[in-house]
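Raw model_25.txt, compact mmCIF, C-alpha atoms and all ligand atoms:
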# COMPACT_ATOMS: atom_id res chain seq x y z
CA MET F 81 4.14 -12.03 16.95
CA SER F 82 1.82 -14.71 15.77
CA LEU F 83 -1.90 -15.23 15.63
CA ASP F 84 -1.81 -15.23 19.44
CA TYR F 85 -1.52 -11.49 19.58
CA VAL F 86 -4.64 -10.89 17.50
CA LYS F 87 -7.19 -12.22 19.93
CA PHE F 88 -8.99 -10.85 22.98
CA SER F 89 -7.63 -11.43 26.43
CA ASN F 90 -10.19 -13.38 28.43
CA GLY F 91 -12.99 -11.14 29.70
CA PHE F 92 -11.85 -8.03 27.82
CA GLU F 93 -13.80 -8.48 24.61
CA LYS F 94 -16.72 -6.24 25.53
CA PHE F 95 -14.47 -3.43 26.74
CA MET F 96 -12.45 -3.15 23.54
CA PRO F 97 -13.23 -0.35 21.05
CA LYS F 98 -15.20 -1.26 17.93
CA GLU F 99 -12.16 -0.83 15.66
CA TYR F 100 -10.24 -3.36 17.71
CA ARG F 101 -13.09 -5.86 17.77
CA ASP F 102 -13.53 -5.53 14.01
CA MET F 103 -9.79 -6.09 13.59
CA VAL F 104 -9.76 -9.28 15.63
CA GLU F 105 -12.93 -10.70 14.13
CA HIS F 106 -12.79 -9.45 10.54
CA GLY F 107 -9.18 -8.46 9.94
CA PRO F 108 -6.83 -10.23 7.52
CA PHE F 109 -4.96 -12.21 10.16
CA GLY F 110 -4.56 -15.88 9.41
CA LYS F 111 -6.55 -15.54 6.18
CA LYS F 112 -5.65 -15.26 2.54
CA ILE F 113 -6.90 -11.87 1.41
CA SER F 114 -6.28 -9.89 -1.76
CA VAL F 115 -6.98 -6.47 -3.24
CA SER F 116 -10.04 -7.87 -5.01
CA GLN F 117 -11.70 -8.19 -1.57
CA MET F 118 -10.96 -4.60 -0.56
CA GLY F 119 -13.95 -2.91 1.05
CA SER F 120 -15.19 -6.20 2.51
CA PHE F 121 -12.79 -6.84 5.40
CA LYS F 122 -11.33 -4.71 8.18
CA GLU F 123 -7.91 -3.42 7.12
CA VAL F 124 -4.97 -3.30 9.50
CA LEU F 125 -4.27 0.35 8.70
CA GLU F 126 -6.15 2.81 10.91
CA GLU F 127 -6.83 6.54 10.60
CA HIS F 128 -3.66 8.63 10.30
CA PRO F 129 -2.67 12.25 9.72
CA MET F 130 -1.18 12.01 6.21
CA CYS F 131 -2.53 14.56 3.73
CA ALA F 132 -5.82 13.99 1.90
CA GLY F 133 -5.32 12.25 -1.43
CA CYS F 134 -1.64 11.42 -0.90
CA ALA F 135 -0.55 8.61 -3.24
CA MET F 136 1.87 7.41 -0.57
CA THR F 137 -1.04 6.56 1.72
CA LEU F 138 -2.68 4.54 -1.04
CA PHE F 139 0.57 2.66 -1.61
CA ILE F 140 0.99 1.94 2.11
CA ARG F 141 -2.62 0.77 2.28
CA LEU F 142 -2.06 -1.63 -0.62
CA ALA F 143 1.28 -2.83 0.76
CA MET F 144 -0.28 -3.79 4.07
CA ILE F 145 -2.98 -5.76 2.29
CA ALA F 146 -0.29 -7.52 0.26
CA PHE F 147 1.87 -8.67 3.19
CA PRO F 148 1.73 -12.46 2.99
CA ASN F 149 1.55 -12.90 6.81
CA PRO F 150 0.66 -9.62 8.53
CA GLU F 151 0.63 -11.35 11.92
CA ASP F 152 4.28 -12.31 11.44
CA THR F 153 5.50 -9.01 10.01
CA ILE F 154 7.34 -6.06 11.54
CA THR F 155 7.61 -2.78 9.67
CA VAL F 156 10.56 -0.45 10.11
CA GLY F 157 10.34 3.22 9.20
CA THR F 158 12.01 6.50 9.86
CA ALA F 159 11.41 10.26 9.75
CA GLY F 160 9.25 11.27 6.79
CA CYS F 161 5.58 11.29 5.92
CA GLY F 162 5.11 7.53 5.52
CA ARG F 163 5.72 6.68 9.17
CA LEU F 164 2.68 8.77 10.11
CA ALA F 165 0.53 6.04 8.58
CA ILE F 166 2.78 2.98 8.87
CA SER F 167 2.85 3.43 12.65
CA GLN F 168 -0.99 3.48 12.79
CA ALA F 169 -1.51 -0.15 11.84
CA ALA F 170 -2.08 -3.39 13.71
CA ILE F 171 1.42 -4.48 12.70
CA PRO F 172 4.36 -3.86 15.03
CA PHE F 173 6.34 -0.84 13.87
CA VAL F 174 9.91 0.10 14.74
CA TYR F 175 11.04 3.67 14.25
CA GLY F 176 14.67 3.95 13.19
CA ASN F 177 16.30 7.33 13.68
CA TYR F 178 16.38 9.22 10.38
CA GLY F 179 18.49 7.14 8.02
CA ASP F 180 19.06 4.26 10.44
CA GLN F 181 16.19 2.13 9.22
CA ASN F 182 18.19 -0.42 7.23
CA GLY F 183 20.71 -0.83 10.06
CA VAL F 184 17.86 -1.36 12.53
CA ALA F 185 16.18 -3.80 10.14
CA SER F 186 19.41 -5.78 9.68
CA GLY F 187 19.71 -6.36 13.42
CA LEU F 188 16.02 -7.05 13.79
CA SER F 189 15.91 -9.57 10.99
CA ARG F 190 18.95 -11.41 12.33
CA GLY F 191 17.57 -11.36 15.87
CA LEU F 192 14.23 -12.77 14.73
CA ARG F 193 16.00 -15.60 12.94
CA LEU F 194 17.94 -16.47 16.07
CA ARG F 195 14.80 -16.35 18.19
CA PHE F 196 12.33 -18.07 15.85
CA GLY F 197 14.59 -20.25 13.70
CA ASP F 198 12.98 -21.31 10.48
CA LYS F 199 9.56 -19.83 11.20
CA PRO F 200 9.42 -16.85 8.88
CA LYS F 201 9.09 -13.41 10.45
CA ASP F 202 9.05 -10.74 7.78
CA VAL F 203 10.82 -7.42 8.18
CA VAL F 204 9.75 -4.68 5.79
CA VAL F 205 11.39 -1.26 5.69
CA MET F 206 9.31 1.58 4.26
CA ALA F 207 11.04 4.95 4.08
CA GLY F 208 11.04 8.05 1.92
CA ASP F 209 13.43 8.79 -0.91
CA GLY F 210 15.39 11.16 1.34
CA GLY F 211 15.60 8.55 4.09
CA THR F 212 16.62 5.82 1.65
CA ALA F 213 18.81 7.44 -1.01
CA ASP F 214 20.33 10.36 0.95
CA ILE F 215 20.46 10.12 4.71
CA GLY F 216 20.21 6.31 4.94
CA PHE F 217 22.20 5.62 1.77
CA GLN F 218 25.22 4.06 3.45
CA GLN F 219 23.17 1.71 5.63
CA VAL F 220 20.87 0.81 2.74
CA LEU F 221 23.77 -0.10 0.46
CA HIS F 222 25.58 -2.05 3.17
CA SER F 223 22.50 -4.05 4.05
CA TRP F 224 22.22 -4.99 0.38
CA PHE F 225 25.90 -5.84 -0.04
CA ARG F 226 25.62 -8.05 3.04
CA LYS F 227 22.50 -9.69 1.56
CA GLU F 228 20.45 -8.97 4.69
CA ARG F 229 17.18 -10.81 4.30
CA PHE F 230 14.48 -8.17 4.48
CA THR F 231 12.57 -5.93 2.08
CA THR F 232 13.38 -2.27 1.50
CA ILE F 233 10.62 -0.13 0.01
CA MET F 234 11.38 3.39 -1.09
CA LEU F 235 8.32 5.66 -0.98
CA ASP F 236 9.63 7.89 -3.74
CA ASN F 237 7.79 11.21 -3.77
CA GLU F 238 10.90 12.84 -5.25
CA VAL F 239 11.11 15.42 -2.45
CA TYR F 240 11.51 15.84 1.30
CA GLY F 241 7.77 16.12 1.79
CA ASN F 242 7.57 16.08 5.56
CA THR F 243 9.86 19.08 5.98
CA GLY F 244 8.37 21.30 3.32
CA GLY F 245 10.00 20.67 -0.04
CA GLN F 246 13.79 20.27 -0.10
CA GLU F 247 15.31 18.40 -3.07
CA SER F 248 16.49 14.83 -2.54
CA GLY F 249 18.82 12.66 -4.56
CA MET F 250 15.69 11.23 -6.17
CA THR F 251 14.31 14.59 -7.30
CA ASN F 252 14.51 15.06 -11.06
CA ARG F 253 17.06 17.40 -12.57
CA GLY F 254 15.56 20.84 -13.07
CA ALA F 255 12.69 20.39 -10.62
CA VAL F 256 11.89 23.63 -8.80
CA LEU F 257 10.70 23.15 -5.23
CA LYS F 258 9.85 25.51 -2.40
CA MET F 259 13.28 25.01 -0.88
CA ALA F 260 15.13 24.38 -4.14
CA PRO F 261 14.09 27.58 -5.90
CA LEU F 262 16.84 27.51 -8.53
CA GLY F 263 15.95 24.00 -9.64
CA LYS F 264 17.86 20.82 -8.97
CA LYS F 265 21.23 20.71 -10.71
CA PHE F 266 21.88 16.95 -10.72
CA GLU F 267 20.23 13.88 -12.18
CA LYS F 268 17.86 11.62 -10.24
CA MET F 269 19.87 8.85 -8.59
CA ASP F 270 19.60 5.42 -10.19
CA MET F 271 18.84 3.40 -7.08
CA VAL F 272 17.43 0.53 -9.12
CA GLN F 273 20.77 -0.01 -10.82
CA MET F 274 22.55 0.32 -7.49
CA ALA F 275 20.30 -2.32 -5.96
CA LYS F 276 21.20 -4.71 -8.76
CA VAL F 277 24.93 -4.00 -8.48
CA ALA F 278 24.73 -4.50 -4.72
CA GLY F 279 23.24 -7.96 -5.28
CA CYS F 280 19.55 -7.61 -4.43
CA ALA F 281 17.65 -10.76 -5.39
CA TYR F 282 14.54 -8.84 -6.44
CA VAL F 283 14.20 -5.25 -7.63
CA ALA F 284 10.98 -3.66 -8.90
CA THR F 285 9.66 -0.23 -9.76
CA VAL F 286 5.96 0.35 -9.44
CA VAL F 287 3.31 3.07 -9.36
CA PRO F 288 0.19 2.74 -7.20
CA ASN F 289 -2.32 3.15 -10.02
CA ASN F 290 -2.29 -0.61 -10.51
CA PRO F 291 -3.29 -2.16 -7.16
CA ARG F 292 -2.92 -5.75 -8.34
CA ARG F 293 0.60 -5.10 -9.51
CA VAL F 294 1.53 -3.46 -6.21
CA GLU F 295 0.15 -6.53 -4.45
CA SER F 296 2.13 -8.87 -6.66
CA VAL F 297 5.51 -7.11 -6.26
CA ILE F 298 5.16 -6.75 -2.49
CA LYS F 299 4.30 -10.43 -2.06
CA LYS F 300 7.25 -11.56 -4.18
CA ALA F 301 9.67 -9.18 -2.46
CA VAL F 302 8.63 -10.27 1.05
CA LEU F 303 8.70 -13.99 0.22
CA ILE F 304 12.10 -13.82 -1.50
CA ALA F 305 13.58 -11.92 1.46
CA ARG F 306 12.66 -14.79 3.77
CA GLU F 307 15.49 -16.93 2.45
CA VAL F 308 17.20 -15.69 -0.68
CA GLY F 309 18.43 -12.18 0.09
CA SER F 310 17.69 -8.46 0.04
CA THR F 311 14.77 -7.19 -2.00
CA TYR F 312 14.04 -3.63 -3.13
CA ILE F 313 10.88 -1.95 -4.35
CA GLN F 314 10.93 1.62 -5.56
CA ALA F 315 7.43 3.08 -5.67
CA TYR F 316 6.47 6.41 -7.20
CA THR F 317 4.20 7.94 -4.56
CA SER F 318 3.73 11.57 -5.52
CA CYS F 319 3.58 14.38 -2.96
CA ASN F 320 0.52 16.33 -4.04
CA ILE F 321 1.39 19.15 -1.64
CA GLU F 322 4.96 19.91 -2.74
CA TYR F 323 4.27 19.22 -6.44
CA ALA F 324 0.90 21.03 -6.32
CA ILE F 325 -1.11 18.17 -7.81
CA PRO F 326 -4.87 18.63 -7.25
CA THR F 327 -5.95 15.65 -5.14
CA ASP F 328 -8.49 14.46 -7.70
CA LYS F 329 -5.68 14.35 -10.30
CA VAL F 330 -3.24 12.25 -8.29
CA MET F 331 -4.01 9.04 -10.19
CA GLU F 332 -3.88 10.86 -13.51
CA ASP F 333 -0.42 12.11 -12.55
CA ALA F 334 0.62 8.59 -11.55
CA LYS F 335 -0.45 7.32 -14.95
CA THR F 336 1.40 10.07 -16.82
CA VAL F 337 4.56 9.60 -14.79
CA GLU F 338 4.37 5.84 -15.25
CA ASN F 339 4.15 6.29 -19.02
CA ASP F 340 6.85 8.95 -19.19
CA ARG F 341 9.57 7.77 -16.85
CA TYR F 342 8.43 5.32 -14.18
CA ALA F 343 7.51 2.22 -16.17
CA PHE F 344 6.94 -1.00 -14.28
CA SER F 345 10.16 -3.00 -14.13
CA GLU F 346 11.05 -6.19 -12.36
CA TYR F 347 14.40 -7.92 -11.94
CA ILE F 348 14.51 -11.29 -10.25
CA SER F 349 17.59 -13.45 -9.76
CA ASP F 350 17.59 -17.04 -10.98
CA GLU F 351 17.87 -18.29 -7.42
CA ALA F 352 14.83 -16.22 -6.41
CA LYS F 353 12.84 -17.52 -9.39
CA GLN F 354 13.62 -21.07 -8.42
CA TYR F 355 12.73 -20.37 -4.79
CA LEU F 356 9.35 -18.84 -5.61
CA THR F 357 8.56 -21.69 -7.98
CA GLU F 358 9.58 -24.54 -5.71
CA ARG F 359 8.63 -23.12 -2.34
CA TYR F 360 5.52 -21.07 -3.13
CA GLY F 361 4.21 -22.64 -6.33
CA TYR F 362 4.72 -19.64 -8.61
CA LYS F 363 4.13 -20.70 -12.21
CA GLU F 364 5.33 -17.62 -14.08
CA PHE F 365 9.01 -18.62 -14.02
CA LEU F 366 8.55 -22.15 -15.33
CA PRO F 367 10.07 -22.70 -18.76
CA LYS F 368 7.50 -21.80 -21.41
CA PRO F 369 6.26 -24.85 -23.34
CA ALA F 370 7.95 -25.00 -26.74
CA ALA F 371 5.85 -23.23 -29.37
CA PRO F 372 4.31 -25.66 -31.89
CA ALA F 373 6.25 -25.74 -35.13
CA ALA F 374 4.98 -22.99 -37.42
CA ALA F 375 2.60 -24.29 -40.05
CA ILE F 376 4.19 -24.30 -43.46
CA PRO F 377 2.01 -22.34 -45.87
CA GLY F 378 0.60 -24.43 -48.63
CA LYS F 379 0.94 -27.73 -46.73
CA ALA F 380 -2.10 -29.49 -45.34
CA MET H 34 -18.77 22.36 6.51
CA TYR H 35 -16.69 20.19 4.22
CA LEU H 36 -17.04 17.90 1.24
CA VAL H 37 -17.26 14.13 1.41
CA ALA H 38 -17.71 11.54 -1.32
CA ASP H 39 -21.21 10.24 -1.95
CA ILE H 40 -21.83 7.15 -4.09
CA SER H 41 -25.10 6.79 -5.98
CA VAL H 42 -26.44 3.34 -5.13
CA GLU H 43 -28.59 3.44 -8.27
CA ILE H 44 -25.57 3.76 -10.55
CA CYS H 45 -23.09 1.69 -8.53
CA ALA H 46 -25.37 -1.29 -7.97
CA ALA H 47 -25.99 -1.57 -11.70
CA LYS H 48 -22.22 -1.83 -12.45
CA SER H 49 -20.56 -2.90 -9.21
CA CYS H 50 -16.97 -2.64 -10.46
CA LYS H 51 -15.51 -2.02 -6.94
CA LEU H 52 -12.64 0.02 -8.41
CA CYS H 53 -13.09 2.89 -5.93
CA THR H 54 -12.57 0.50 -3.00
CA GLN H 55 -9.08 -0.20 -4.36
CA TYR H 56 -8.07 3.40 -5.08
CA CYS H 57 -9.23 5.31 -2.00
CA PRO H 58 -6.04 6.38 -0.22
CA GLU H 59 -7.69 5.89 3.17
CA ALA H 60 -8.20 2.46 4.71
CA ASN H 61 -11.64 1.24 5.84
CA THR H 62 -13.32 4.21 4.16
CA ILE H 63 -14.93 3.05 0.92
CA LEU H 64 -16.61 -0.20 1.79
CA TYR H 65 -18.78 -2.62 -0.11
CA SER H 66 -22.17 -4.04 0.82
CA ASP H 67 -23.79 -6.96 -0.97
CA GLU H 68 -27.10 -5.94 0.61
CA MET H 69 -27.18 -2.30 -0.42
CA GLY H 70 -29.62 -1.76 -3.27
CA LYS H 71 -31.35 -5.14 -2.85
CA ASP H 72 -34.42 -3.31 -1.46
CA LYS H 73 -34.48 -1.26 -4.67
CA GLY H 74 -34.34 -4.41 -6.77
CA PHE H 75 -30.69 -4.24 -7.84
CA LYS H 76 -28.91 -7.47 -8.56
CA TYR H 77 -25.52 -6.44 -7.15
CA GLY H 78 -24.57 -4.55 -4.03
CA SER H 79 -22.98 -1.13 -3.87
CA ALA H 80 -19.88 0.64 -2.61
CA TYR H 81 -20.47 3.29 0.06
CA VAL H 82 -18.43 5.78 2.05
CA ALA H 83 -17.81 5.82 5.82
CA VAL H 84 -18.03 9.61 5.83
CA ASP H 85 -16.32 10.03 9.21
CA ARG H 86 -13.13 8.71 7.60
CA CYS H 87 -13.39 10.51 4.25
CA LYS H 88 -10.80 13.29 3.83
CA GLY H 89 -12.53 14.69 0.75
CA CYS H 90 -9.69 14.21 -1.77
CA ALA H 91 -12.09 13.15 -4.57
CA GLN H 92 -9.66 10.58 -5.97
CA CYS H 93 -12.58 8.13 -6.10
CA VAL H 94 -14.52 10.59 -8.28
CA TRP H 95 -11.69 10.61 -10.83
CA VAL H 96 -11.42 6.81 -10.75
CA CYS H 97 -15.18 6.31 -11.12
CA ASP H 98 -15.48 8.90 -13.93
CA ASN H 99 -12.31 8.15 -15.88
CA MET H 100 -11.31 4.55 -15.21
CA ALA H 101 -14.67 2.90 -14.56
CA LYS H 102 -16.60 5.46 -16.65
CA ASN H 103 -19.59 5.09 -14.33
CA ASN H 104 -19.88 8.66 -12.93
CA ALA H 105 -21.44 7.34 -9.74
CA ILE H 106 -19.56 9.47 -7.18
CA LYS H 107 -20.07 13.14 -6.34
CA MET H 108 -18.58 15.37 -3.66
CA ILE H 109 -21.30 16.70 -1.35
CA MET H 110 -21.24 19.03 1.65
CA ILE H 111 -21.61 16.75 4.64
CA ASP H 112 -24.61 18.66 6.00
CA GLN H 113 -26.41 18.16 2.69
CA LEU H 114 -26.39 14.38 3.18
CA PRO H 115 -29.52 13.44 5.12
CA LYS H 116 -28.14 10.00 5.89
CA ALA H 117 -24.74 8.39 5.52
CA ALA H 118 -22.63 5.49 6.75
CA LEU H 119 -20.50 6.07 9.86
CA THR H 120 -17.85 3.69 11.21
CA ASP H 121 -19.83 3.00 14.40
CA ASN H 122 -22.82 1.75 12.40
CA ILE H 123 -20.90 -0.57 10.08
CA THR H 124 -20.86 -4.31 10.62
CA TYR H 125 -18.35 -6.60 8.96
CA GLY H 126 -19.53 -10.00 7.78
CA GLU H 127 -17.79 -12.96 6.18
CA LYS H 128 -17.62 -11.54 2.67
CA SER H 129 -19.28 -8.14 2.83
CA THR H 130 -20.29 -5.34 5.16
CA THR H 131 -23.60 -3.78 6.14
CA ALA H 132 -24.24 -0.21 7.22
CA VAL H 133 -27.14 1.35 9.07
CA LEU H 134 -27.36 4.87 7.65
CA ALA H 135 -27.71 7.79 10.05
CA SER H 136 -27.46 11.56 10.02
CA PRO H 137 -23.75 12.41 9.72
CA VAL H 138 -24.08 15.77 11.45
CA VAL H 139 -24.79 15.86 15.16
CA GLY H 140 -26.91 18.67 16.59
C1 LIG L 401 18.60 13.05 11.97
C2 LIG L 401 17.44 13.85 11.47
N1 LIG L 401 17.66 14.86 10.58
C3 LIG L 401 16.61 15.55 10.10
C4 LIG L 401 15.35 15.27 10.47
C5 LIG L 401 14.20 16.09 9.93
N2 LIG L 401 13.41 15.42 8.96
C6 LIG L 401 12.23 14.83 9.27
S1 LIG L 401 11.44 14.19 7.95
C7 LIG L 401 12.65 14.74 6.90
C8 LIG L 401 12.56 14.56 5.42
C9 LIG L 401 11.87 13.36 4.97
O1 LIG L 401 11.99 13.23 3.57
P1 LIG L 401 11.85 11.83 2.88
O2 LIG L 401 12.74 10.84 3.56
O3 LIG L 401 12.04 11.98 1.42
O4 LIG L 401 10.37 11.40 3.22
P2 LIG L 401 8.99 12.13 2.82
O5 LIG L 401 8.63 13.00 3.98
O6 LIG L 401 9.19 12.89 1.56
O7 LIG L 401 8.04 11.01 2.67
C10 LIG L 401 13.67 15.39 7.61
C11 LIG L 401 14.85 16.01 7.00
C12 LIG L 401 15.14 14.21 11.39
N3 LIG L 401 13.93 13.85 11.79
N4 LIG L 401 16.21 13.53 11.87
S1 LIG L 402 3.38 16.28 2.48
FE1 LIG L 402 3.22 15.19 0.53
S2 LIG L 402 4.04 13.11 0.86
FE2 LIG L 402 3.61 14.06 2.88
S3 LIG L 402 1.53 13.31 3.40
FE3 LIG L 402 1.32 15.33 2.40
S4 LIG L 402 1.01 14.88 0.21
FE4 LIG L 402 1.83 13.01 1.18
Let me see whether you can do it: turn the structure in this file into structure tokens.
Amino acid sequence: MSLDYVKFSNGFEKFMPKEYRDMVEHGPFGKKISVSQMGSFKEVLEEHPMCAGCAMTLFIRLAMIAFPNPEDTITVGTAGCGRLAISQAAIPFVYGNYGDQNGVASGLSRGLRLRFGDKPKDVVVMAGDGGTADIGFQQVLHSWFRKERFTTIMLDNEVYGNTGGQESGMTNRGAVLKMAPLGKKFEKMDMVQMAKVAGCAYVATVVPNNPRRVESVIKKAVLIAREVGSTYIQAYTSCNIEYAIPTDKVMEDAKTVENDRYAFSEYISDEAKQYLTERYGYKEFLPKPAAPAAAIPGKA
Amino acid sequence: MYLVADISVEICAAKSCKLCTQYCPEANTILYSDEMGKDKGFKYGSAYVAVDRCKGCAQCVWVCDNMAKNNAIKMIMIDQLPKAALTDNITYGEKSTTAVLASPVVG
């Protein structure tokens, strides 16, 4: 893990496939890239078998562009659709057994700190809503209570997409799915509130129809997790198959859902604000300059 | 045969908003070329599709029609495209890419 692994071994350059050569020569490694440059550099994510038009793939694509140091990042995933793409990137990927991802990431993040000391190595978990809020719930909550320093991203498609449409804790009450034909009887779990109660230093909800915002929340979450504590992003990433959304209407759906019930929200602890400001030069948390005294009508 | 996205250089190079490059769910699929359209006298470059990576979801069509309001992208049967960009013929540069267009259907 470092820029050393994104170069050709001596003499092998001409034997490497085009995709690999493009990655080494024109990938994002060691450079500052942003979503505004998309389409002009070789992305770390390669072809993968996720469904056409899936919002989750767009989110994963944006997340990988937003990683502050892709060459020093390890992703952790688990069973579910997302790993089909996350594993097809030029970023080391660890597959935790279904639900184990936050336990695996806890050990990994601690191990990396022992091995590399202060040099930041970022661990980012990306798992489905089932993997995060149901099967992995206990390990997710414990990693947060223990303030493990890595980022957890829930790819919330509000269903078990990979296995054909069972309800998850994150499915909305009343939703009828192929394998929940009577409709879900309970409310959607409030994982955002739980993340705050468990002491996460940064918690955000986001929808992928605003690429710059996705970029901004991922960067903050990964940077804060380097030193301050656990960070959590909950992203609405619709399953167009199980919710029967025509693929050319996926962004329209994202917009509607964002307006109705998935508004952008961001919680950031005071310690994390101070850290981003002092360590990474963020300006948005600086005290606002005092507003000039309101002009008194009638006075010159 | 199957549908792939096709971007009109004439319309795109006049606006050049690049929105579709940010909304395509697939990586390395909608790319941008500063050069494309220069030969036709356009000031800006154009977005284009590496058709071998396009899964035909048409999300870019919705984004171009409804968000950018440019209506530059249409879904076309791949064998109706005489020439298109393919990953093997795309070169990355410092700030942009270039593509040599070729027939997307072999044989
Ligand atoms: C221990 C274990 N139990 C069950 C499964 C089967 N399984 C694979 S993916 C999946 C559901 C994934 O749902 P979610 O986590 O919401 O992710 P999505 O596919 O919706 O992105 C299940 C139950 C498994 N792989 N391992
Ligand atoms: S099943 Fe749903 S979540 Fe999974 S890849 Fe397909 S559209 Fe995306």
Counting only C-alpha atoms, chain F residues within 10 Å of chain H, as a PyMOL selection string: chain F and resi 97-99+102-103+105-107+115-128+130-142+165+288-292+326-332
Among the residues F:Ala324, F:Leu235, F:Ile313, F:Val297, the one that comes closest to ligand LIG 401 (chain L) [using all atoms listed in the file]: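 Ranked by minimum distance to ligand LIG 401 (chain L), first place goes to F:Leu235.
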Non-local contacts of Ser82 of chain F (9 Å; only C-alpha atoms; under 6 positions in same chain excluded) as a list in words: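 In the requested form, the answer reads Pro150, Glu151, Asp152 and Thr153 of chain F.
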Protein and nucleic acid residues within 6 Å of ligand LIG 401 (chain L) (all atoms listed in the file) as a PyMOL selection string: chain F and resi 159-162+178+208-211+237+239-243
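One finds atom CA of Ala83 of chain H at 20.7 Å from atom CA of Ala47 of chain H.
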Polymer residues at most 10 Å from Tyr355 of chain F, all atoms listed in the file, same-chain spacing of 5 or more positions, as a PyMOL selection string: chain F and resi 303-304+307-308+349-350+360-362
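With all atoms listed in the file as the atoms that count, the minimum distance from Thr317 of chain F to the choices F:Ser296, F:Gly245, F:Ala207, F:Leu83 is reached by F:Ala207.
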Closest of H:Ile109, H:Ala38, H:Ala117, H:Ile44 to Ala132 of chain H - atom-to-atom distances counting all atoms listed in the file: H:Ala117
Distance table requested - segment 285-341 of chain F against segment 266-278 of chain F, cut-off 12 Å, only C-alpha atoms: one row per qualifying residue with the closest atom pair and its distance in Å to one decimal, ordered by chain and rising residue number, as a Markdown table.
| residue | atom | partner | partner_atom | distance |
| --- | --- | --- | --- | --- |
| F:Thr285 | CA | F:Val272 | CA | 7.8 |
| F:Val286 | CA | F:Val272 | CA | 11.5 |
| F:Gly309 | CA | F:Ala278 | CA | 11.0 |
| F:Ser310 | CA | F:Ala275 | CA | 9.0 |
| F:Thr311 | CA | F:Ala275 | CA | 8.4 |
| F:Tyr312 | CA | F:Ala275 | CA | 7.0 |
| F:Ile313 | CA | F:Val272 | CA | 8.5 |
| F:Gln314 | CA | F:Val272 | CA | 7.5 |
| F:Ala315 | CA | F:Val272 | CA | 10.9 |
| F:Arg341 | CA | F:Lys268 | CA | 11.3 |
Two-atom distance - atom CA of Val86 of chain F, atom CA of Val104 of chain F (Å):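 Going from atom CA of Val86 of chain F over to atom CA of Val104 of chain F, I get 5.7 Å.
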One-decimal distance in Å that lies between atom CA of Phe173 of chain F and atom CA of Ser186 of chain F: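 Between atom CA of Ser186 of chain F and atom CA of Phe173 of chain F the gap works out to 14.6 Å.
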Point (-30.5, 11.4, 3.8), cut-off 9 Å, counting all atoms listed in the file, residues as a list of chain:residue names: H:Gln113, H:Leu114, H:Pro115, H:Lys116, H:Ala117, H:Leu134, H:Ala135, H:Ser136
Given the selection you just returned, output its residues as a file containing C-alpha atoms, formatted as a PDB file, keeping the file's coordinate frame.
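As written to disk, result38.pdb reads:
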ATOM      1  CA  GLN H 113     -26.410  18.160   2.690  1.00  0.00           C
ATOM      2  CA  LEU H 114     -26.390  14.380   3.180  1.00  0.00           C
ATOM      3  CA  PRO H 115     -29.520  13.440   5.120  1.00  0.00           C
ATOM      4  CA  LYS H 116     -28.140  10.000   5.890  1.00  0.00           C
ATOM      5  CA  ALA H 117     -24.740   8.390   5.520  1.00  0.00           C
ATOM      6  CA  LEU H 134     -27.360   4.870   7.650  1.00  0.00           C
ATOM      7  CA  ALA H 135     -27.710   7.790  10.050  1.00  0.00           C
ATOM      8  CA  SER H 136     -27.460  11.560  10.020  1.00  0.00           C
TER       9      SER H 136
END
Selection near Asn149 of chain F, 10 Å with only C-alpha atoms, sequence-local residues under 4 positions removed, as a ChimeraX atom specification: /F:82-83,108-112,144-145,153,200-202,299,302-303
Nearest to ligand LIG 402 (chain L) by atom-to-atom distance, counting all atoms listed in the file, from F:Asp84, F:Asp214, F:Glu322, F:Glu228: F:Glu322
Residues near Ile111 of chain H, cut-off 9 Å, all atoms listed in the file, skip fewer than 6 positions along chain, as number ranges by chain: H: 34-38, 84, 117, 137-138
Write out as lines of an AutoDock Vina configuration file an axis-aligned box for ligand LIG 402 (chain L): all of its atoms listed in the file, 4 Å added on each side, centre and edge lengths in Å with one decimal.
center_x = 2.5
center_y = 14.6
center_z = 1.8
size_x = 11.0
size_y = 11.3
size_z = 11.2
Residue neighbourhood Lys76 of chain H, 12 Å, only C-alpha atoms, exclusion window fewer than 2 positions, as a ChimeraX atom specification: /H:42-49,67-74,78-79
Which of F:Val294, F:Leu262, F:Ala305, F:Ala284 sits closest to Val205 of chain F [using only C-alpha atoms]: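 The shortest atom-to-atom distance to Val205 of chain F comes from F:Ala305.
Comparing the minimum interatomic distances between ligand LIG 402 (chain L) and each of F:Phe95, F:Tyr316, F:Tyr347, F:Phe365, counting all atoms listed in the file, we find that F:Tyr316 sits nearest.
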